[in-house]
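Heads up: the structure comes next, in structure tokens.
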Amino acid sequence: MSEAFIQLKDICRHFQVGDETVHALDHVTLDIQAGDYISVMGPSGSGKSTLLNMLGLLDQTDAGSYRFEGRELTTLAEEKRAQVRREKMGFIFQSFHLIPRLSAAENVELPLMLMGMPAAERKAKVNEALASLGLLERASHRPAQLSGGQQQRVAIARATILQAPLLLADEPTGNLDSHSSADVIHILEELNAQGITLIVVTHDTNIGQRARRKIRMVDGRIEQDGY
Amino acid sequence: MATDVKPQDTLHFSYQALRAYPGRTSLILLAMCIGVAAIILLTSLGEGARLYVIGQFQGLGSNLLLVMPGRSETSGAGVGLVGTTRDLTLEDALALQHSSAIKDVAPIIFGAAPVSYESLEREVSIMGSTPALLSARQLELAIGQPLPDTNPRVATAVCLLGETVWQELFPNRNALGEWVRIGAARFRVIGVLADKGQSLGSNLNDMVIIPVASARNLFNQPSLFQIVVTAHSQEQLGQAQQDIERILRQRHDGEEDVTVIRQDSLIGTFDNILGALTWALGGIAAVSLVVAGILIMNVMLVAVSQRKAEIGLLKALGAPTTQVLRLFLTEATLLAAAGGAIGLLLGLAGVFALNQAVPEFSAQPPLWALIASVLITFITGLLFGSIPARQAARLDPVAALSGR
Ligand SMILES: Nc1ncnc2c1ncn2[C@@H]1O[C@H](COP(=O)(O)OP(=O)(O)O)[C@@H](O)[C@H]1O
Ligand SMILES: [Mg+2]
């Protein structure tokens, strides 16, 4: 059998808070298959966000090995890590993190701009992405003019416009009403159905239960992991 | 695969960011353009002053030498005359005519007296001299005759009126042949000077010229204020100076008790002094630009901390550190460019307004000041912009995204 899409081995991440060491990730070992749909649940402070940030190369590791598509990432220099983030990973945050001065279309366009795509090519791609999420008529709206659900859909369009194989969502419905939550989850599941590997951190058991693989974290360790 | 953001995209992104914070942006622009405008205005003033003074000296006439009683400590400009010395006399002046290098010799006795005609009276400067004065100081007559070319030791009751004096005492009337009262004596008007305007502080229009012997009697003043001498040519200035010093030393029993100032060296001295003044003014103004730079740095640092989430997001989207750096540096450069351009226009407009308001004075920005102000703007923008930009680029994405 070929190597898994993602392989974590004895990953540790600790923070010094005062004179106490917090083990946000405590020897986490985990294999993730391409195209999987994983929910990460657990009490607040159990290390879910740290795990996701580590997977997304936003955060460093203190020990352990992180192999992604067969390539060791823990030893990569920052510029290379940025490139991997750009090409391989999409992020969705609880607070959307849209740039307020930019329109929906310009927010979605950002990853294309950052990879140096000419403006003429970007337009069509952005429109396509917005259209597929039913946002075309909101293209020129600023985030403040959009509902929470719409903002999160813009964020999803931005995270997936480069067809990154890995989508990392940290409490994507945390700021949404139940209707918009269901909406956003359906979109994420649809993307997963098209082949994207989806990892969702959530507090919501209903949402967590929908995932194919359910991981439960406590005190920086994986306590339960099952399909 | 191309991974660099297109320059026009970087520019556009930075421009949008600047537009999104109009208060902050205009504050920085204001500081920048005040700095640049200050450099241009102050150096223009300095340069204007330099050109004005040089113009004044040149207005004195060419190949000019001034002989004054007393010995100057320094060899340069006639400042700090020291020692009690022999007076300059009319005979001293007349002796100078023996030098072959010397063209005109105009002895000067200077004073002030009320000048009246009928019921009109005016307090003016009186210059006692010889006919050579007109040629030496390059004065011309509007009408009438110059002073009579007779023995200068003999007083004659004739005078030349300056333009202003003529207009004040003889409004719309003929003055030639009329008798005016100067102090206690009466003089016949034989000529009116053409408009000459301001020259080295003395308004030649507001002046009456009488024969030197008449002035000696009028002011009861046997000694000369100075002797105005011209050389035949620029090349003979040195010879003329040597001759003057030699002749007067002989006449003064070997004492070197006069000061001879060459107009050209005087111009050079003032040129240097005022040139340095311009530089100093420019330097002071440049300090204001550096202060603006520090303001920019602080405002940008606040901007970076306010835009942490955005920076974190850019990093999450895969923007490399260099790209984040570039974005913020571009913002600083745009600010510098806009501030510099506005400041340049403001400064030039100020210079223009100044020249309109004070026509006699022509301020103009030296080219080096224009170049320097633009350069300094960019350097301050980049220098002080790079510290916040570096800080932005170094932000930890997780912390930045959570606003920490
Ligand atoms: N940058 C940090 N500095 C200090 N402690 C941190 C930092 N990030 C996370 N932690 C700590 O690590 C633990 C795990 O945090 P996190 O992964 O955010 O938990 P979760 O997302 O499961 O609520 C918590 O105790 C948190 O306080
Ligand atoms: Mg969390």
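Chain identifiers are assigned as A, B, and so on, following the order in which chains appear in the structure tokens; residues are numbered from 1 within each chain, and ligands are numbered from 1 in order of appearance.
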Pro165 in chain A surroundings by only C-alpha atoms, 9 Å radius, close-in-sequence under 3 positions cut, as a PyMOL selection string: chain A and resi 34-35+87-90+160+195-198
Residue subset to file, keeping C-alpha atoms, as a PDB file, in the first residue's frame:
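Just written: out-v9.pdb:
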```
ATOM      1  CA  ALA A  34      -6.622  11.465   0.670  1.00  0.00           C
ATOM      2  CA  GLY A  35     -10.278  12.371   0.222  1.00  0.00           C
ATOM      3  CA  GLU A  87      -0.725  25.378  -3.393  1.00  0.00           C
ATOM      4  CA  LYS A  88      -1.892  22.558  -1.173  1.00  0.00           C
ATOM      5  CA  MET A  89      -3.990  23.954   1.638  1.00  0.00           C
ATOM      6  CA  GLY A  90      -7.156  25.915   2.105  1.00  0.00           C
ATOM      7  CA  THR A 160     -10.777  26.284  -2.744  1.00  0.00           C
ATOM      8  CA  GLY A 195     -12.289  14.614  -3.759  1.00  0.00           C
ATOM      9  CA  ILE A 196     -10.939  17.268  -1.385  1.00  0.00           C
ATOM     10  CA  THR A 197      -9.633  16.050   1.961  1.00  0.00           C
ATOM     11  CA  LEU A 198     -11.740  17.807   4.589  1.00  0.00           C
TER      12      LEU A 198
END
```
Distance query Ser125 in chain B at most 6 Å, only C-alpha atoms, self and fewer than 5 positions along chain excluded, as a PyMOL selection string: chain B and resi 111-112+207
Among the residues A:Glu79, A:Glu137, A:Asp170, A:Asp62, the one that comes closest to ligand 2 [using only C-alpha atoms and all ligand atoms]: A:Asp170
Expected answer as JSON, numbers by chain: alpha helix (DSSP H) residues in range 51-117 of chain A: {"A": [51, 52, 53, 54, 55, 78, 79, 80, 81, 82, 83, 84, 85, 86, 87, 88, 104, 105, 106, 107, 108, 109, 110, 111, 112, 113, 114]}
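Put simply, CA of Ile222 in chain A is 18.0 Å away from CA of Asp204 in chain A.
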All residues 8 Å or closer to Leu98 in chain A, only C-alpha atoms, same chain fewer than 6 positions away omitted, as a list in words: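 With the cut-off at 8 Å, the set is Asn107, Pro143, Gln151 and Ala155 of chain A; Glu310 of chain B.
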Requested write-out: N, CA and C atoms of the selected residues, as a short mmCIF file (atom, residue, chain, number, x, y, z; two decimals), in the first residue's frame:
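Generated output (part_37.cif):
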```cif
data_model
loop_
_atom_site.label_atom_id
_atom_site.label_comp_id
_atom_site.auth_asym_id
_atom_site.auth_seq_id
_atom_site.Cartn_x
_atom_site.Cartn_y
_atom_site.Cartn_z
N ASN A 107 -11.65 39.38 -2.50
CA ASN A 107 -11.21 38.45 -1.46
C ASN A 107 -10.94 37.07 -2.04
N PRO A 143 -17.46 42.67 2.66
CA PRO A 143 -17.86 41.72 3.71
C PRO A 143 -18.93 42.27 4.64
N GLN A 151 -20.59 35.42 4.00
CA GLN A 151 -19.16 35.67 4.22
C GLN A 151 -18.40 34.36 4.27
N ALA A 155 -15.39 32.90 1.95
CA ALA A 155 -14.14 32.34 2.48
C ALA A 155 -13.89 30.95 1.90
N GLU B 310 -5.21 40.65 8.96
CA GLU B 310 -5.00 40.64 7.52
C GLU B 310 -3.65 40.03 7.16
#
```
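Neighbouring residues of ligand 1 at a cut-off of 6 Å, counting only C-alpha atoms and all ligand atoms, are A:Phe15, A:Val17, A:Val22, A:Ala24, A:Ser44, A:Gly45, A:Ser46, A:Gly47, A:Lys48, A:Ser49, A:Thr50.
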9 Å contacts from chain A to chain B using only C-alpha atoms, as a PyMOL selection string: chain A and resi 50+53+56-59+78-87+89-91+97-102+110-119+158-159
Backbone-only DSSP, strand (DSSP E) members of range 155-264 of chain B, as a compact mmCIF listing (two decimals) with all heavy atoms, in the first residue's frame:
```txt
# COMPACT_ATOMS: atom_id res chain seq x y z
N VAL B 158 25.21 123.59 -6.64
CA VAL B 158 24.34 122.88 -7.59
C VAL B 158 24.04 121.50 -7.03
O VAL B 158 24.77 120.98 -6.19
CB VAL B 158 25.00 122.74 -8.98
CG1 VAL B 158 25.17 124.09 -9.63
CG2 VAL B 158 26.33 122.01 -8.86
N CYS B 159 22.97 120.89 -7.50
CA CYS B 159 22.63 119.54 -7.01
C CYS B 159 21.93 118.73 -8.08
O CYS B 159 21.36 119.26 -9.02
CB CYS B 159 21.77 119.62 -5.76
SG CYS B 159 20.13 120.28 -6.07
N LEU B 160 22.03 117.38 -7.89
CA LEU B 160 21.27 116.44 -8.71
C LEU B 160 20.24 115.80 -7.79
O LEU B 160 20.57 115.40 -6.66
CB LEU B 160 22.18 115.34 -9.28
CG LEU B 160 23.39 115.80 -10.10
CD1 LEU B 160 24.25 114.59 -10.47
CD2 LEU B 160 22.92 116.52 -11.36
N LEU B 161 18.98 115.70 -8.25
CA LEU B 161 17.94 115.10 -7.42
C LEU B 161 17.73 113.64 -7.82
O LEU B 161 17.75 113.30 -9.01
CB LEU B 161 16.62 115.84 -7.59
CG LEU B 161 16.60 117.33 -7.24
CD1 LEU B 161 15.18 117.87 -7.38
CD2 LEU B 161 17.13 117.57 -5.82
N TRP B 179 15.76 126.54 -7.41
CA TRP B 179 16.63 126.53 -6.24
C TRP B 179 15.95 125.77 -5.10
O TRP B 179 14.83 126.06 -4.74
CB TRP B 179 16.96 127.95 -5.80
CG TRP B 179 17.89 128.64 -6.76
CD1 TRP B 179 17.57 129.27 -7.92
CD2 TRP B 179 19.31 128.73 -6.62
NE1 TRP B 179 18.67 129.75 -8.55
CE2 TRP B 179 19.78 129.44 -7.78
CE3 TRP B 179 20.25 128.29 -5.68
CZ2 TRP B 179 21.14 129.71 -7.97
CZ3 TRP B 179 21.58 128.58 -5.87
CH2 TRP B 179 22.01 129.26 -7.02
N VAL B 180 16.64 124.79 -4.58
CA VAL B 180 16.11 124.09 -3.40
C VAL B 180 16.98 124.45 -2.21
O VAL B 180 18.13 124.85 -2.36
CB VAL B 180 16.10 122.54 -3.59
CG1 VAL B 180 15.13 122.13 -4.68
CG2 VAL B 180 17.50 122.03 -3.88
N ARG B 181 16.38 124.29 -1.02
CA ARG B 181 17.12 124.55 0.21
C ARG B 181 17.58 123.21 0.78
O ARG B 181 16.77 122.29 0.96
CB ARG B 181 16.22 125.29 1.19
CG ARG B 181 16.88 125.67 2.49
CD ARG B 181 16.01 126.60 3.30
NE ARG B 181 15.96 127.96 2.72
CZ ARG B 181 16.90 128.89 2.90
NH1 ARG B 181 17.96 128.61 3.64
NH2 ARG B 181 16.79 130.07 2.36
N ILE B 182 18.88 123.07 1.02
CA ILE B 182 19.40 121.87 1.66
C ILE B 182 20.05 122.33 2.95
O ILE B 182 21.05 123.04 2.92
CB ILE B 182 20.42 121.13 0.79
CG1 ILE B 182 19.80 120.75 -0.57
CG2 ILE B 182 20.91 119.86 1.50
CD1 ILE B 182 20.75 120.03 -1.50
N ALA B 185 21.65 125.96 3.30
CA ALA B 185 22.14 126.52 2.05
C ALA B 185 21.16 126.31 0.91
O ALA B 185 20.25 125.50 1.01
CB ALA B 185 23.49 125.89 1.71
N ARG B 186 21.39 127.05 -0.17
CA ARG B 186 20.53 126.93 -1.33
C ARG B 186 21.33 126.35 -2.50
O ARG B 186 22.48 126.70 -2.71
CB ARG B 186 19.94 128.28 -1.69
CG ARG B 186 18.68 128.63 -0.88
CD ARG B 186 18.48 130.13 -0.77
NE ARG B 186 18.54 130.84 -2.03
CZ ARG B 186 17.50 130.94 -2.89
NH1 ARG B 186 16.34 130.38 -2.62
NH2 ARG B 186 17.65 131.61 -4.00
N PHE B 187 20.70 125.44 -3.22
CA PHE B 187 21.37 124.79 -4.35
C PHE B 187 20.45 124.85 -5.56
O PHE B 187 19.24 124.72 -5.43
CB PHE B 187 21.65 123.31 -4.02
CG PHE B 187 22.73 123.10 -2.99
CD1 PHE B 187 22.46 123.27 -1.62
CD2 PHE B 187 24.01 122.74 -3.38
CE1 PHE B 187 23.46 123.08 -0.68
CE2 PHE B 187 25.01 122.53 -2.43
CZ PHE B 187 24.74 122.70 -1.08
N ARG B 188 21.09 124.99 -6.71
CA ARG B 188 20.30 125.02 -7.94
C ARG B 188 20.25 123.59 -8.53
O ARG B 188 21.28 122.91 -8.60
CB ARG B 188 20.94 125.97 -8.95
CG ARG B 188 20.02 126.31 -10.13
CD ARG B 188 20.50 127.58 -10.83
NE ARG B 188 21.88 127.43 -11.30
CZ ARG B 188 22.20 126.89 -12.49
NH1 ARG B 188 21.24 126.46 -13.31
NH2 ARG B 188 23.44 126.78 -12.85
N VAL B 189 19.07 123.19 -8.92
CA VAL B 189 18.90 121.85 -9.49
C VAL B 189 19.41 121.86 -10.92
O VAL B 189 18.93 122.64 -11.74
CB VAL B 189 17.42 121.40 -9.47
CG1 VAL B 189 17.28 120.02 -10.11
CG2 VAL B 189 16.88 121.40 -8.05
N ILE B 190 20.43 121.03 -11.21
CA ILE B 190 20.94 121.00 -12.58
C ILE B 190 20.65 119.67 -13.27
O ILE B 190 20.86 119.51 -14.46
CB ILE B 190 22.47 121.28 -12.64
CG1 ILE B 190 23.21 120.26 -11.78
CG2 ILE B 190 22.78 122.70 -12.22
CD1 ILE B 190 24.71 120.28 -12.01
N GLY B 191 20.13 118.69 -12.52
CA GLY B 191 19.83 117.40 -13.16
C GLY B 191 18.99 116.51 -12.26
O GLY B 191 18.90 116.74 -11.05
N VAL B 192 18.34 115.54 -12.86
CA VAL B 192 17.56 114.54 -12.12
C VAL B 192 18.07 113.16 -12.54
O VAL B 192 18.24 112.88 -13.73
CB VAL B 192 16.05 114.66 -12.41
CG1 VAL B 192 15.27 113.55 -11.71
CG2 VAL B 192 15.54 116.04 -11.99
N LEU B 193 18.32 112.32 -11.54
CA LEU B 193 18.83 110.97 -11.83
C LEU B 193 17.73 110.08 -12.40
O LEU B 193 16.56 110.20 -12.02
CB LEU B 193 19.36 110.32 -10.54
CG LEU B 193 20.59 110.97 -9.91
CD1 LEU B 193 20.90 110.29 -8.58
CD2 LEU B 193 21.78 110.85 -10.86
N GLN B 198 16.84 100.39 -5.65
CA GLN B 198 17.56 99.96 -4.46
C GLN B 198 18.96 99.49 -4.85
O GLN B 198 19.12 98.78 -5.82
CB GLN B 198 16.74 98.81 -3.90
CG GLN B 198 16.89 98.50 -2.44
CD GLN B 198 16.37 99.57 -1.52
OE1 GLN B 198 15.42 100.28 -1.80
NE2 GLN B 198 17.02 99.67 -0.39
N SER B 199 19.97 99.88 -4.12
CA SER B 199 21.29 99.30 -4.35
C SER B 199 22.02 99.22 -3.02
O SER B 199 22.38 100.24 -2.45
CB SER B 199 22.08 100.14 -5.35
OG SER B 199 23.39 99.62 -5.42
N SER B 202 21.05 101.37 0.12
CA SER B 202 20.80 102.81 -0.03
C SER B 202 19.89 103.02 -1.22
O SER B 202 20.15 102.53 -2.31
CB SER B 202 22.12 103.54 -0.22
OG SER B 202 22.78 103.05 -1.36
N ASN B 203 18.83 103.73 -0.95
CA ASN B 203 17.90 104.01 -2.03
C ASN B 203 18.41 105.22 -2.80
O ASN B 203 18.33 106.35 -2.34
CB ASN B 203 16.52 104.26 -1.45
CG ASN B 203 15.49 104.42 -2.55
OD1 ASN B 203 15.83 104.55 -3.72
ND2 ASN B 203 14.23 104.42 -2.16
N MET B 207 17.67 110.48 -2.79
CA MET B 207 18.98 111.01 -2.49
C MET B 207 19.25 112.26 -3.31
O MET B 207 18.70 112.44 -4.39
CB MET B 207 20.00 109.92 -2.86
CG MET B 207 21.42 110.36 -2.74
SD MET B 207 22.49 108.95 -2.71
CE MET B 207 21.97 108.13 -1.23
N VAL B 208 20.07 113.13 -2.75
CA VAL B 208 20.49 114.32 -3.50
C VAL B 208 22.01 114.30 -3.58
O VAL B 208 22.69 113.99 -2.61
CB VAL B 208 20.01 115.61 -2.80
CG1 VAL B 208 20.60 116.85 -3.47
CG2 VAL B 208 18.48 115.67 -2.81
N ILE B 209 22.54 114.55 -4.76
CA ILE B 209 23.99 114.56 -4.95
C ILE B 209 24.46 116.01 -5.13
O ILE B 209 23.88 116.76 -5.93
CB ILE B 209 24.39 113.72 -6.18
CG1 ILE B 209 23.97 112.25 -5.95
CG2 ILE B 209 25.90 113.81 -6.43
CD1 ILE B 209 24.16 111.37 -7.16
N ILE B 210 25.46 116.36 -4.34
CA ILE B 210 26.02 117.72 -4.45
C ILE B 210 27.54 117.60 -4.59
O ILE B 210 28.10 116.54 -4.33
CB ILE B 210 25.65 118.60 -3.22
CG1 ILE B 210 26.18 117.95 -1.94
CG2 ILE B 210 24.13 118.80 -3.14
CD1 ILE B 210 25.91 118.77 -0.68
N PRO B 211 28.22 118.64 -5.00
CA PRO B 211 29.70 118.57 -5.09
C PRO B 211 30.29 118.28 -3.71
O PRO B 211 29.75 118.70 -2.70
CB PRO B 211 30.09 119.96 -5.60
CG PRO B 211 28.88 120.46 -6.30
CD PRO B 211 27.72 119.91 -5.54
N GLN B 226 33.95 107.52 2.25
CA GLN B 226 34.65 106.48 1.49
C GLN B 226 35.03 107.04 0.14
O GLN B 226 34.63 108.14 -0.24
CB GLN B 226 33.79 105.22 1.32
CG GLN B 226 32.56 105.44 0.50
CD GLN B 226 31.76 104.14 0.27
OE1 GLN B 226 30.96 104.11 -0.64
NE2 GLN B 226 31.98 103.11 1.07
N ILE B 227 35.85 106.29 -0.56
CA ILE B 227 36.17 106.65 -1.94
C ILE B 227 35.73 105.49 -2.83
O ILE B 227 36.09 104.33 -2.56
CB ILE B 227 37.68 106.89 -2.14
CG1 ILE B 227 38.20 107.90 -1.11
CG2 ILE B 227 37.96 107.39 -3.56
CD1 ILE B 227 39.71 108.03 -1.11
N VAL B 228 34.93 105.81 -3.81
CA VAL B 228 34.51 104.79 -4.76
C VAL B 228 35.47 104.86 -5.96
O VAL B 228 35.64 105.92 -6.55
CB VAL B 228 33.06 105.03 -5.23
CG1 VAL B 228 32.66 103.99 -6.28
CG2 VAL B 228 32.11 104.98 -4.04
N VAL B 229 36.08 103.74 -6.26
CA VAL B 229 37.08 103.70 -7.33
C VAL B 229 36.68 102.63 -8.32
O VAL B 229 36.16 101.58 -7.93
CB VAL B 229 38.48 103.36 -6.74
CG1 VAL B 229 39.52 103.29 -7.84
CG2 VAL B 229 38.87 104.38 -5.68
N THR B 230 36.90 102.88 -9.61
CA THR B 230 36.74 101.78 -10.56
C THR B 230 38.04 101.58 -11.31
O THR B 230 38.77 102.52 -11.56
CB THR B 230 35.61 102.04 -11.60
OG1 THR B 230 35.90 103.25 -12.27
CG2 THR B 230 34.25 102.15 -10.93
N ALA B 231 38.28 100.32 -11.62
CA ALA B 231 39.45 100.00 -12.44
C ALA B 231 39.03 100.03 -13.90
O ALA B 231 37.85 99.97 -14.22
CB ALA B 231 39.97 98.62 -12.07
N VAL B 258 43.98 102.10 5.79
CA VAL B 258 42.74 102.10 5.00
C VAL B 258 42.39 100.66 4.64
O VAL B 258 43.23 99.77 4.70
CB VAL B 258 42.87 102.91 3.68
CG1 VAL B 258 43.16 104.37 3.99
CG2 VAL B 258 43.95 102.31 2.80
N THR B 259 41.15 100.49 4.32
CA THR B 259 40.71 99.18 3.87
C THR B 259 40.20 99.31 2.44
O THR B 259 39.40 100.20 2.14
CB THR B 259 39.57 98.66 4.75
OG1 THR B 259 40.07 98.54 6.08
CG2 THR B 259 39.08 97.29 4.27
N VAL B 260 40.72 98.47 1.58
CA VAL B 260 40.26 98.47 0.19
C VAL B 260 39.46 97.19 -0.03
O VAL B 260 39.96 96.09 0.20
CB VAL B 260 41.45 98.54 -0.79
CG1 VAL B 260 40.93 98.56 -2.23
CG2 VAL B 260 42.30 99.76 -0.50
N ILE B 261 38.22 97.37 -0.41
CA ILE B 261 37.37 96.20 -0.64
C ILE B 261 37.12 96.09 -2.13
O ILE B 261 36.67 97.04 -2.77
CB ILE B 261 36.02 96.35 0.09
CG1 ILE B 261 36.25 96.45 1.60
CG2 ILE B 261 35.11 95.17 -0.22
CD1 ILE B 261 35.03 96.89 2.33
N ARG B 262 37.43 94.90 -2.64
CA ARG B 262 37.12 94.67 -4.05
C ARG B 262 35.71 94.12 -4.13
O ARG B 262 35.36 93.18 -3.42
CB ARG B 262 38.11 93.66 -4.64
CG ARG B 262 39.40 94.30 -5.09
CD ARG B 262 40.40 93.26 -5.44
NE ARG B 262 39.97 92.46 -6.59
CZ ARG B 262 40.79 91.65 -7.24
NH1 ARG B 262 42.04 91.54 -6.87
NH2 ARG B 262 40.35 90.95 -8.25
```
Closest of A:Lys9, A:Ser181, A:Gly220, A:Thr75 to His23 in chain A - atom-to-atom distances counting only C-alpha atoms: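 Looking at the shortest contact to His23 in chain A, the residue is A:Gly220.
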Top pick for closest residue to Gln221 in chain B, considering B:Leu248, B:Leu88, B:Met32, B:Leu277 and counting only C-alpha atoms: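 Selected residue with least distance to Gln221 in chain B: B:Leu88.
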Contacts of Ile156 in chain A at 12 Å (only C-alpha atoms; same-chain gap of 3+ positions) as a ChimeraX atom specification: /A:89-94,96-98,104,107-109,129-130,132-135,149-153,159-164,167-169,172-173,183-191,198
Please build the interface table for range 238-336 of chain B against range 65-68 of chain B with a cut-off of 12 Å, listing for each qualifying residue the nearest atom pair and the distance in Å to one decimal; count only C-alpha atoms, order rows by chain and increasing number, and write it as CSV.
```
residue,atom,partner,partner_atom,distance
B:Gly238,CA,B:Leu65,CA,9.9
B:Gln239,CA,B:Leu65,CA,11.3
B:Ala240,CA,B:Leu65,CA,8.4
B:Gln241,CA,B:Leu65,CA,7.5
B:Gln242,CA,B:Leu65,CA,11.3
B:Asp243,CA,B:Leu65,CA,11.7
B:Ile244,CA,B:Val67,CA,8.3
B:Glu245,CA,B:Val67,CA,9.2
B:Leu248,CA,B:Val67,CA,10.0
B:Glu256,CA,B:Met68,CA,11.6
B:Asp257,CA,B:Met68,CA,9.0
B:Val258,CA,B:Met68,CA,5.7
B:Thr259,CA,B:Met68,CA,5.2
B:Val260,CA,B:Val67,CA,4.6
B:Ile261,CA,B:Leu66,CA,5.1
B:Arg262,CA,B:Leu65,CA,4.6
B:Gln263,CA,B:Leu65,CA,5.8
B:Asp264,CA,B:Leu65,CA,8.7
B:Ser265,CA,B:Leu65,CA,9.9
B:Leu266,CA,B:Leu65,CA,9.8
B:Ile267,CA,B:Leu65,CA,11.8
```
CA of Glu121 in chain B to CA of Thr164 in chain B, straight-line distance in Å: 12.4 Å
Polymer residues at most 12 Å from range 40-45 of chain B, only C-alpha atoms, same-chain spacing of 4 or more positions, as a PyMOL selection string: chain B and resi 33-36+49-52+274-286+288-289+340-355+358+361-374
9 Å contact set for Trp166 in chain B, only C-alpha atoms, chain neighbours under 3 positions out, as a PDB file with N, CA, C and O atoms, in the first residue's frame:
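Output saved as selection_39.pdb:
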```
ATOM      1  N   LEU B 161      18.981 115.698  -8.253  1.00  0.00           N
ATOM      2  CA  LEU B 161      17.945 115.097  -7.415  1.00  0.00           C
ATOM      3  C   LEU B 161      17.729 113.638  -7.819  1.00  0.00           C
ATOM      4  O   LEU B 161      17.749 113.298  -9.007  1.00  0.00           O
ATOM      5  N   GLY B 162      17.504 112.821  -6.826  1.00  0.00           N
ATOM      6  CA  GLY B 162      17.063 111.451  -7.104  1.00  0.00           C
ATOM      7  C   GLY B 162      15.624 111.489  -7.583  1.00  0.00           C
ATOM      8  O   GLY B 162      14.905 112.458  -7.362  1.00  0.00           O
ATOM      9  N   GLU B 163      15.232 110.418  -8.226  1.00  0.00           N
ATOM     10  CA  GLU B 163      13.902 110.309  -8.817  1.00  0.00           C
ATOM     11  C   GLU B 163      12.791 110.614  -7.806  1.00  0.00           C
ATOM     12  O   GLU B 163      11.886 111.407  -8.056  1.00  0.00           O
ATOM     13  N   LEU B 169       9.201 116.753  -4.391  1.00  0.00           N
ATOM     14  CA  LEU B 169       9.334 118.216  -4.264  1.00  0.00           C
ATOM     15  C   LEU B 169       8.760 118.963  -5.467  1.00  0.00           C
ATOM     16  O   LEU B 169       8.357 120.112  -5.368  1.00  0.00           O
ATOM     17  N   PHE B 170       8.782 118.297  -6.608  1.00  0.00           N
ATOM     18  CA  PHE B 170       8.290 118.954  -7.827  1.00  0.00           C
ATOM     19  C   PHE B 170       7.229 118.094  -8.494  1.00  0.00           C
ATOM     20  O   PHE B 170       7.438 117.621  -9.609  1.00  0.00           O
ATOM     21  N   PRO B 171       6.108 117.880  -7.821  1.00  0.00           N
ATOM     22  CA  PRO B 171       5.108 116.997  -8.429  1.00  0.00           C
ATOM     23  C   PRO B 171       4.641 117.570  -9.764  1.00  0.00           C
ATOM     24  O   PRO B 171       4.108 118.684  -9.799  1.00  0.00           O
ATOM     25  N   ARG B 173       6.158 118.886 -12.081  1.00  0.00           N
ATOM     26  CA  ARG B 173       6.688 120.213 -12.421  1.00  0.00           C
ATOM     27  C   ARG B 173       8.139 120.110 -12.841  1.00  0.00           C
ATOM     28  O   ARG B 173       8.850 119.175 -12.499  1.00  0.00           O
ATOM     29  N   ALA B 175      11.943 120.885 -12.601  1.00  0.00           N
ATOM     30  CA  ALA B 175      12.813 121.194 -11.477  1.00  0.00           C
ATOM     31  C   ALA B 175      14.088 121.882 -11.927  1.00  0.00           C
ATOM     32  O   ALA B 175      14.724 122.590 -11.151  1.00  0.00           O
ATOM     33  N   VAL B 192      18.344 115.537 -12.864  1.00  0.00           N
ATOM     34  CA  VAL B 192      17.563 114.535 -12.120  1.00  0.00           C
ATOM     35  C   VAL B 192      18.069 113.156 -12.540  1.00  0.00           C
ATOM     36  O   VAL B 192      18.241 112.879 -13.731  1.00  0.00           O
ATOM     37  N   LEU B 193      18.317 112.317 -11.539  1.00  0.00           N
ATOM     38  CA  LEU B 193      18.827 110.973 -11.828  1.00  0.00           C
ATOM     39  C   LEU B 193      17.729 110.083 -12.398  1.00  0.00           C
ATOM     40  O   LEU B 193      16.565 110.200 -12.016  1.00  0.00           O
ATOM     41  N   ASN B 205      17.245 106.554  -5.260  1.00  0.00           N
ATOM     42  CA  ASN B 205      16.197 107.460  -5.735  1.00  0.00           C
ATOM     43  C   ASN B 205      15.884 108.542  -4.709  1.00  0.00           C
ATOM     44  O   ASN B 205      15.419 109.604  -5.046  1.00  0.00           O
ATOM     45  N   ASP B 206      16.117 108.163  -3.435  1.00  0.00           N
ATOM     46  CA  ASP B 206      15.752 109.095  -2.376  1.00  0.00           C
ATOM     47  C   ASP B 206      17.018 109.796  -1.893  1.00  0.00           C
ATOM     48  O   ASP B 206      17.394 109.688  -0.733  1.00  0.00           O
TER      49      ASP B 206
END
```
